[in-house]
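**Student:** Take a look at this one; I'll ask things after.
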Amino acid sequence: MSLGLLHEWRYFRIVVILLVLLILLLGSFLNTQVSLLVPLFNGQESFHPVTNIMFLKTHKTASSTVMNILYRFTEKRNLTVALPAGQLFHLGYPWLFLTKYVEGFKDLNGTFNIMCNHLRFNPTEVQKVMPNNTFYFSILRNPVAQLESAFVYYKGYVPAFQKTKSLNEFLESPLKYYNETLSIKNIYAKNNMWFDFGYDNNRRGEGYVRDAIREIQRRFQLILISDYFDESMVLLRNTLRWELDDVVYFKLNSRSEKSIQNLTRENRERVKEWCALDWELYRHFNRTFWQKLRAVVGLKRLAREVALLRERQRELMDVCIQDGRPKNKTQIKDVNLKPYQSGEADILGYNLKQHLDNETLARCQRMVMPEIQYMAHLYSQQFPTNPPKKIRLQ
């Protein structure tokens with residue numbers, strides 16, 4: 001081979017190697033970007049998002065933010081949602097769910113796509129409202145934080161909380177204040193998440209607890225953990241085959257720092273004893289949550305997707321939110337964006353930036369709309385001939 005041909009051959013090999021490396025690099029980049037739109041799944045259902053969904057909305061677990069995500073998805077896909085009948089705002093809670101609590105169930109003679117308002121889970125009745133291929137999921141929170149939030153939020157409503165100055169005082173001697181037979185309102189004071197799943201929040205016994213957890217695991221395909229909310233949204237998106245923007249969120253129904261009570265170390269441990277059923281529920285599904293994350297997403301991809309979710313959240317916050325942060329009730333200008341205030345909680349909301357174009361304004365409004373107003377909005381859309389919901393914010 002001549003010297004000239006040898007140089008040409010070497011040059012050709014270098015060009016080929018560089019092209020291969022460039023293709024591999026582009027492939028890796030495109031794979032990352034495409035996965036944000038549709039997660040990687042095998043089979044024919046890869047690009048078909050799950051649209052029949054039942055979300056058990058537990059109390060004080062960031063469930064209002066999840067509900068907003070589901071409401072937005074409902075509108076985006078033109079789906080139907082099982083809404084509380086008449087002037088109800090819950091689906092019969094705290095009583096076990098019955099189909100009569102759903103607006104239009106008898107008249108429509110069919111099922112709904114989405115169910116996500118507060119209810120006490122009653123599977124035989126829920127199944128009458130939802131299609132056979134419904135995806136069931138819920139969310140849990142560390143009972144220490146959950147009970148603290150419930151105490152502040154329901155302070156003036158729950159008899160067990162009314163005569164105590166603080167949750168620390170309550171936990172020093174809870175039986176002094178708590179009477180399980182006195183009022184149904186006391187459900188918020190002990191094992192409230194367990195109660196939401198339809199079980200007796202005052203019953204004990206290893207066998208009972210084990211069987212109930214097994215039943216929950218059988219009925220619900222996914223249990224999220226609000227303590228890891230961004231990771232939960234990544235897992236939910238991948239499981240439901242949704243797009244990234246479907247799970248981007250602004251925190252809703254959150255409180256100001258000044259209304260959060262700090263518990264002593266001893267009382268944090270007492271919560272685990274007082275709410276032992278919730279604690280066992282949380283411990284079990286916290287384990288399964290991480291198992292599912294590793295299996296469905298993988299830890300490396302999880303870190304990448306959490307970062308992308310947070311970046312997108314910051315982008316939308318910059319587009320939508322005045323001053324880029326939530327406001328207290330006295331600072332919120334639009335009454336339609338004022339959240340319901342309860343107990344001693346100072347529930348925060350948002351002011352939107354002015355002079356947004358119509359499309360951007362509509363999107364921003366949906367992301368910050370409190371659950372009561374959003375539910376009333378969907379109710380009027382779905383049942384335009386019915387009297388609108390009467391909203392009270394106090």
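In the structure tokens, each chain is lettered A, B, ... as it comes, each chain's residues begin at 1, and ligands are numbered from 1 in order of appearance.
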Leaving out segment 173-180 of chain A and any residue of its chain fewer than 4 positions from it, which residues lie within 9 Å of it when counting only C-alpha atoms, given as JSON, numbers by chain?

**Tutor:** {"A": [159, 160, 161, 162, 163, 164, 169, 184, 186, 187, 189, 190, 202, 274]}

**Student:** For Val368 of chain A, find every residue with an atom within 8 Å (counting only C-alpha atoms), except residues of its own chain fewer than 6 positions away, and show them as an NGL selection string.

**Tutor:** :A and (250 or 252 or 337 or 349-350)

**Student:** With segment 231-242 of chain A as the partner and 12 Å as the cut-off, tabulate the residues of segment 304-324 of chain A that qualify, each row holding the nearest pair of atoms and their distance in Å to one decimal, using only C-alpha atoms, sorted by chain and rising number, as a tab-separated table.

**Tutor:**
```
residue	atom	partner	partner_atom	distance
A:Arg304	CA	A:Val234	CA	10.0
A:Glu305	CA	A:Val234	CA	6.7
A:Val306	CA	A:Glu231	CA	6.4
A:Ala307	CA	A:Glu231	CA	10.0
A:Leu308	CA	A:Val234	CA	9.9
A:Leu309	CA	A:Val234	CA	8.0
A:Arg310	CA	A:Glu231	CA	10.7
```

**Student:** Give the answer as one residue: which of A:Gly156, A:Pro94, A:Pro123, A:Gly110 has the shortest atom-to-atom distance to Met193 of chain A, using only C-alpha atoms?

**Tutor:**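 Residue with the minimum atom-to-atom distance to Met193 of chain A: A:Pro94.
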
**Student:** Just list as JSON, numbers by chain whatever in segment 114-291 of chain A DSSP marks as strand (DSSP E or B).

**Tutor:** {"A": [114, 115, 120, 135, 136, 137, 138, 139, 140, 222, 223, 224, 225, 255]}

**Student:** For the selection you just gave me, I'd like the residues written to a file as a tab-separated table (two decimals), in the first residue's frame, keeping all heavy atoms.

**Tutor:**
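Okay, part_39.tsv is ready:
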```
chain	number	residue	atom	x	y	z
A	114	ILE	N	-61.70	9.31	36.55
A	114	ILE	CA	-60.86	9.73	37.68
A	114	ILE	C	-61.71	9.83	38.95
A	114	ILE	O	-62.83	10.34	38.92
A	114	ILE	CB	-60.20	11.10	37.42
A	114	ILE	CG1	-59.41	11.09	36.11
A	114	ILE	CG2	-59.32	11.52	38.59
A	114	ILE	CD1	-58.16	10.26	36.12
A	115	MET	N	-61.14	9.37	40.06
A	115	MET	CA	-61.78	9.51	41.37
A	115	MET	C	-60.67	9.92	42.34
A	115	MET	O	-59.69	9.20	42.53
A	115	MET	CB	-62.39	8.18	41.79
A	115	MET	CG	-63.28	8.25	43.01
A	115	MET	SD	-63.97	6.60	43.37
A	115	MET	CE	-65.49	7.06	44.18
A	120	ARG	N	-63.78	7.62	52.51
A	120	ARG	CA	-63.29	6.50	53.30
A	120	ARG	C	-63.46	5.25	52.44
A	120	ARG	O	-64.58	4.91	52.04
A	120	ARG	CB	-64.04	6.37	54.62
A	120	ARG	CG	-63.39	5.34	55.56
A	120	ARG	CD	-64.08	5.25	56.89
A	120	ARG	NE	-63.40	4.29	57.75
A	120	ARG	CZ	-63.98	3.59	58.72
A	120	ARG	NH1	-65.29	3.77	58.96
A	120	ARG	NH2	-63.30	2.73	59.44
A	135	PHE	N	-56.50	2.01	37.77
A	135	PHE	CA	-55.25	2.00	38.53
A	135	PHE	C	-55.51	2.65	39.88
A	135	PHE	O	-55.95	3.79	39.95
A	135	PHE	CB	-54.16	2.77	37.77
A	135	PHE	CG	-52.83	2.79	38.47
A	135	PHE	CD1	-51.90	1.79	38.26
A	135	PHE	CD2	-52.50	3.83	39.34
A	135	PHE	CE1	-50.67	1.80	38.90
A	135	PHE	CE2	-51.28	3.86	39.99
A	135	PHE	CZ	-50.36	2.85	39.76
A	136	TYR	N	-55.24	1.93	40.98
A	136	TYR	CA	-55.47	2.41	42.33
A	136	TYR	C	-54.15	2.81	42.97
A	136	TYR	O	-53.19	2.04	42.98
A	136	TYR	CB	-56.13	1.33	43.19
A	136	TYR	CG	-57.58	1.05	42.84
A	136	TYR	CD1	-57.93	0.30	41.72
A	136	TYR	CD2	-58.62	1.53	43.65
A	136	TYR	CE1	-59.26	0.04	41.40
A	136	TYR	CE2	-59.95	1.27	43.34
A	136	TYR	CZ	-60.26	0.53	42.21
A	136	TYR	OH	-61.58	0.28	41.90
A	137	PHE	N	-54.12	4.04	43.52
A	137	PHE	CA	-52.93	4.43	44.27
A	137	PHE	C	-53.31	5.40	45.39
A	137	PHE	O	-54.42	5.95	45.42
A	137	PHE	CB	-51.86	5.04	43.35
A	137	PHE	CG	-52.05	6.49	42.97
A	137	PHE	CD1	-51.30	7.49	43.58
A	137	PHE	CD2	-52.96	6.86	41.98
A	137	PHE	CE1	-51.45	8.82	43.21
A	137	PHE	CE2	-53.11	8.19	41.61
A	137	PHE	CZ	-52.36	9.18	42.23
A	138	SER	N	-52.38	5.58	46.32
A	138	SER	CA	-52.61	6.49	47.43
A	138	SER	C	-51.27	7.06	47.88
A	138	SER	O	-50.23	6.81	47.25
A	138	SER	CB	-53.33	5.77	48.59
A	138	SER	OG	-53.70	6.71	49.59
A	139	ILE	N	-51.29	7.82	48.97
A	139	ILE	CA	-50.06	8.43	49.48
A	139	ILE	C	-50.08	8.43	51.00
A	139	ILE	O	-51.14	8.62	51.61
A	139	ILE	CB	-49.90	9.87	48.92
A	139	ILE	CG1	-48.52	10.44	49.25
A	139	ILE	CG2	-51.01	10.80	49.40
A	139	ILE	CD1	-48.18	11.70	48.46
A	140	LEU	N	-48.92	8.19	51.60
A	140	LEU	CA	-48.77	8.17	53.06
A	140	LEU	C	-47.69	9.18	53.47
A	140	LEU	O	-46.87	9.59	52.64
A	140	LEU	CB	-48.37	6.77	53.54
A	140	LEU	CG	-49.35	5.63	53.27
A	140	LEU	CD1	-48.73	4.29	53.67
A	140	LEU	CD2	-50.66	5.84	54.02
A	222	LEU	N	-50.00	1.05	43.82
A	222	LEU	CA	-48.92	1.95	44.19
A	222	LEU	C	-49.29	2.76	45.41
A	222	LEU	O	-50.40	3.29	45.49
A	222	LEU	CB	-48.61	2.90	43.01
A	222	LEU	CG	-47.46	3.88	43.18
A	222	LEU	CD1	-46.14	3.15	43.36
A	222	LEU	CD2	-47.39	4.82	41.97
A	223	ILE	N	-48.37	2.85	46.35
A	223	ILE	CA	-48.50	3.75	47.51
A	223	ILE	C	-47.30	4.67	47.51
A	223	ILE	O	-46.15	4.23	47.62
A	223	ILE	CB	-48.55	2.97	48.84
A	223	ILE	CG1	-49.71	1.97	48.86
A	223	ILE	CG2	-48.68	3.96	50.01
A	223	ILE	CD1	-51.09	2.57	48.88
A	224	LEU	N	-47.55	5.97	47.36
A	224	LEU	CA	-46.49	6.97	47.35
A	224	LEU	C	-46.17	7.43	48.77
A	224	LEU	O	-46.96	7.21	49.70
A	224	LEU	CB	-46.91	8.16	46.50
A	224	LEU	CG	-47.29	7.85	45.04
A	224	LEU	CD1	-47.77	9.12	44.34
A	224	LEU	CD2	-46.14	7.21	44.30
A	225	ILE	N	-45.04	8.10	48.92
A	225	ILE	CA	-44.61	8.61	50.23
A	225	ILE	C	-44.38	10.11	50.10
A	225	ILE	O	-43.50	10.56	49.34
A	225	ILE	CB	-43.31	7.91	50.70
A	225	ILE	CG1	-43.53	6.39	50.80
A	225	ILE	CG2	-42.85	8.48	52.04
A	225	ILE	CD1	-44.54	5.96	51.85
A	255	ARG	N	-48.64	25.07	54.81
A	255	ARG	CA	-48.74	26.07	55.89
A	255	ARG	C	-47.50	26.93	55.97
A	255	ARG	O	-46.43	26.55	55.53
A	255	ARG	CB	-48.91	25.35	57.23
A	255	ARG	CG	-50.18	24.58	57.41
A	255	ARG	CD	-50.16	23.86	58.76
A	255	ARG	NE	-49.19	22.77	58.77
A	255	ARG	CZ	-48.57	22.33	59.86
A	255	ARG	NH1	-48.78	22.91	61.03
A	255	ARG	NH2	-47.73	21.32	59.79
```

**Student:** Between atom CA of Asn132 of chain A and atom CA of Tyr282 of chain A, what is the distance, to one decimal in Å?

**Tutor:**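 Those two atoms sit 27.5 Å apart.
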
**Student:** Have a look at A:Tyr154, A:Glu344, A:Phe89, A:Lys106 and name the one nearest to Ser259 of chain A; count only C-alpha atoms.

**Tutor:**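 That would be A:Glu344, the residue with the smallest distance to Ser259 of chain A.
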
**Student:** Between A:Arg268, A:Lys57, A:Lys338, A:Arg141, which residue has the minimum interatomic distance to Glu280 of chain A, considering only C-alpha atoms?

**Tutor:**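 So, comparing all the options, the nearest one is A:Arg141.
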
**Student:** Quick check for you: according to DSSP on this backbone, which residues of segment 62-195 of chain A are classed as alpha helix (DSSP H)? Reply as a PyMOL selection string.

**Tutor:** chain A and resi 63-76+105-108+123-129+143-153+159-162+167-172+192-195

**Student:** Mind dumping the selected residues with C-alpha atoms as a PDB file, in the first residue's frame?

**Tutor:**
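Output (result_15.pdb):
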```
ATOM      1  CA  SER A  63     -52.726  14.831  48.814  1.00  0.00           C
ATOM      2  CA  SER A  64     -54.166  18.202  47.748  1.00  0.00           C
ATOM      3  CA  THR A  65     -51.172  18.686  45.460  1.00  0.00           C
ATOM      4  CA  VAL A  66     -51.709  15.218  43.963  1.00  0.00           C
ATOM      5  CA  MET A  67     -55.388  16.044  43.505  1.00  0.00           C
ATOM      6  CA  ASN A  68     -54.471  19.180  41.552  1.00  0.00           C
ATOM      7  CA  ILE A  69     -52.260  17.079  39.285  1.00  0.00           C
ATOM      8  CA  LEU A  70     -55.144  14.684  38.637  1.00  0.00           C
ATOM      9  CA  TYR A  71     -57.636  17.500  38.031  1.00  0.00           C
ATOM     10  CA  ARG A  72     -55.296  19.077  35.482  1.00  0.00           C
ATOM     11  CA  PHE A  73     -54.823  15.728  33.760  1.00  0.00           C
ATOM     12  CA  THR A  74     -58.605  15.336  33.670  1.00  0.00           C
ATOM     13  CA  GLU A  75     -58.999  18.614  31.791  1.00  0.00           C
ATOM     14  CA  LYS A  76     -56.048  17.991  29.483  1.00  0.00           C
ATOM     15  CA  PHE A 105     -73.774   8.170  38.985  1.00  0.00           C
ATOM     16  CA  LYS A 106     -77.350   6.948  38.472  1.00  0.00           C
ATOM     17  CA  ASP A 107     -78.144   9.316  35.615  1.00  0.00           C
ATOM     18  CA  LEU A 108     -74.974   8.583  33.642  1.00  0.00           C
ATOM     19  CA  PRO A 123     -63.857  -1.200  47.658  1.00  0.00           C
ATOM     20  CA  THR A 124     -67.146  -2.849  46.632  1.00  0.00           C
ATOM     21  CA  GLU A 125     -68.815   0.548  46.202  1.00  0.00           C
ATOM     22  CA  VAL A 126     -65.798   2.204  44.565  1.00  0.00           C
ATOM     23  CA  GLN A 127     -65.667  -0.581  41.979  1.00  0.00           C
ATOM     24  CA  LYS A 128     -69.204   0.282  40.890  1.00  0.00           C
ATOM     25  CA  VAL A 129     -68.047   3.789  39.991  1.00  0.00           C
ATOM     26  CA  PRO A 143     -47.174   9.770  61.158  1.00  0.00           C
ATOM     27  CA  VAL A 144     -45.147  12.196  63.273  1.00  0.00           C
ATOM     28  CA  ALA A 145     -45.460  14.941  60.668  1.00  0.00           C
ATOM     29  CA  GLN A 146     -48.965  13.863  59.675  1.00  0.00           C
ATOM     30  CA  LEU A 147     -50.339  14.111  63.238  1.00  0.00           C
ATOM     31  CA  GLU A 148     -48.656  17.470  63.816  1.00  0.00           C
ATOM     32  CA  SER A 149     -50.255  18.835  60.666  1.00  0.00           C
ATOM     33  CA  ALA A 150     -53.658  17.378  61.604  1.00  0.00           C
ATOM     34  CA  PHE A 151     -53.455  18.888  65.100  1.00  0.00           C
ATOM     35  CA  VAL A 152     -52.912  22.408  63.801  1.00  0.00           C
ATOM     36  CA  TYR A 153     -55.395  22.082  60.928  1.00  0.00           C
ATOM     37  CA  PRO A 159     -62.782  17.293  70.507  1.00  0.00           C
ATOM     38  CA  ALA A 160     -59.557  15.519  71.478  1.00  0.00           C
ATOM     39  CA  PHE A 161     -57.531  18.573  70.417  1.00  0.00           C
ATOM     40  CA  GLN A 162     -59.763  21.387  71.659  1.00  0.00           C
ATOM     41  CA  LEU A 167     -49.589  18.645  70.487  1.00  0.00           C
ATOM     42  CA  ASN A 168     -46.774  18.168  72.996  1.00  0.00           C
ATOM     43  CA  GLU A 169     -49.310  18.585  75.789  1.00  0.00           C
ATOM     44  CA  PHE A 170     -51.716  16.159  74.099  1.00  0.00           C
ATOM     45  CA  LEU A 171     -49.036  13.488  73.678  1.00  0.00           C
ATOM     46  CA  GLU A 172     -48.039  13.667  77.335  1.00  0.00           C
ATOM     47  CA  ASN A 192     -56.193   8.796  60.560  1.00  0.00           C
ATOM     48  CA  MET A 193     -54.490   7.295  57.498  1.00  0.00           C
ATOM     49  CA  TRP A 194     -55.472   3.800  58.619  1.00  0.00           C
ATOM     50  CA  PHE A 195     -59.062   5.015  58.981  1.00  0.00           C
TER      51      PHE A 195
END
```

**Student:** Between A:Ser254, A:Thr264, A:Phe285, A:Asp227, which residue has the minimum interatomic distance to Ile213 of chain A, considering only C-alpha atoms?

**Tutor:** A:Phe285

**Student:** Could you tell me which of A:Leu98, A:Glu371, A:Lys329, A:Gly104 comes closest to Val81 of chain A if we count only C-alpha atoms?

**Tutor:**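 Residue with the minimum atom-to-atom distance to Val81 of chain A: A:Gly104.
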
**Student:** So what do you get for atom CA of Arg283 of chain A versus atom CA of Asn253 of chain A, distance-wise?

**Tutor:**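 One can read the atom CA of Arg283 of chain A to atom CA of Asn253 of chain A distance as 24.9 Å.
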
**Student:** Can you tell me how far atom CA of Asp230 of chain A sits from atom CA of Arg301 of chain A, in Å to one decimal?

**Tutor:** 13.1 Å

**Student:** Using only C-alpha atoms, which of A:Leu244, A:His355, A:Leu56, A:Asn142 sits nearest Ile216 of chain A?

**Tutor:** A:Leu56
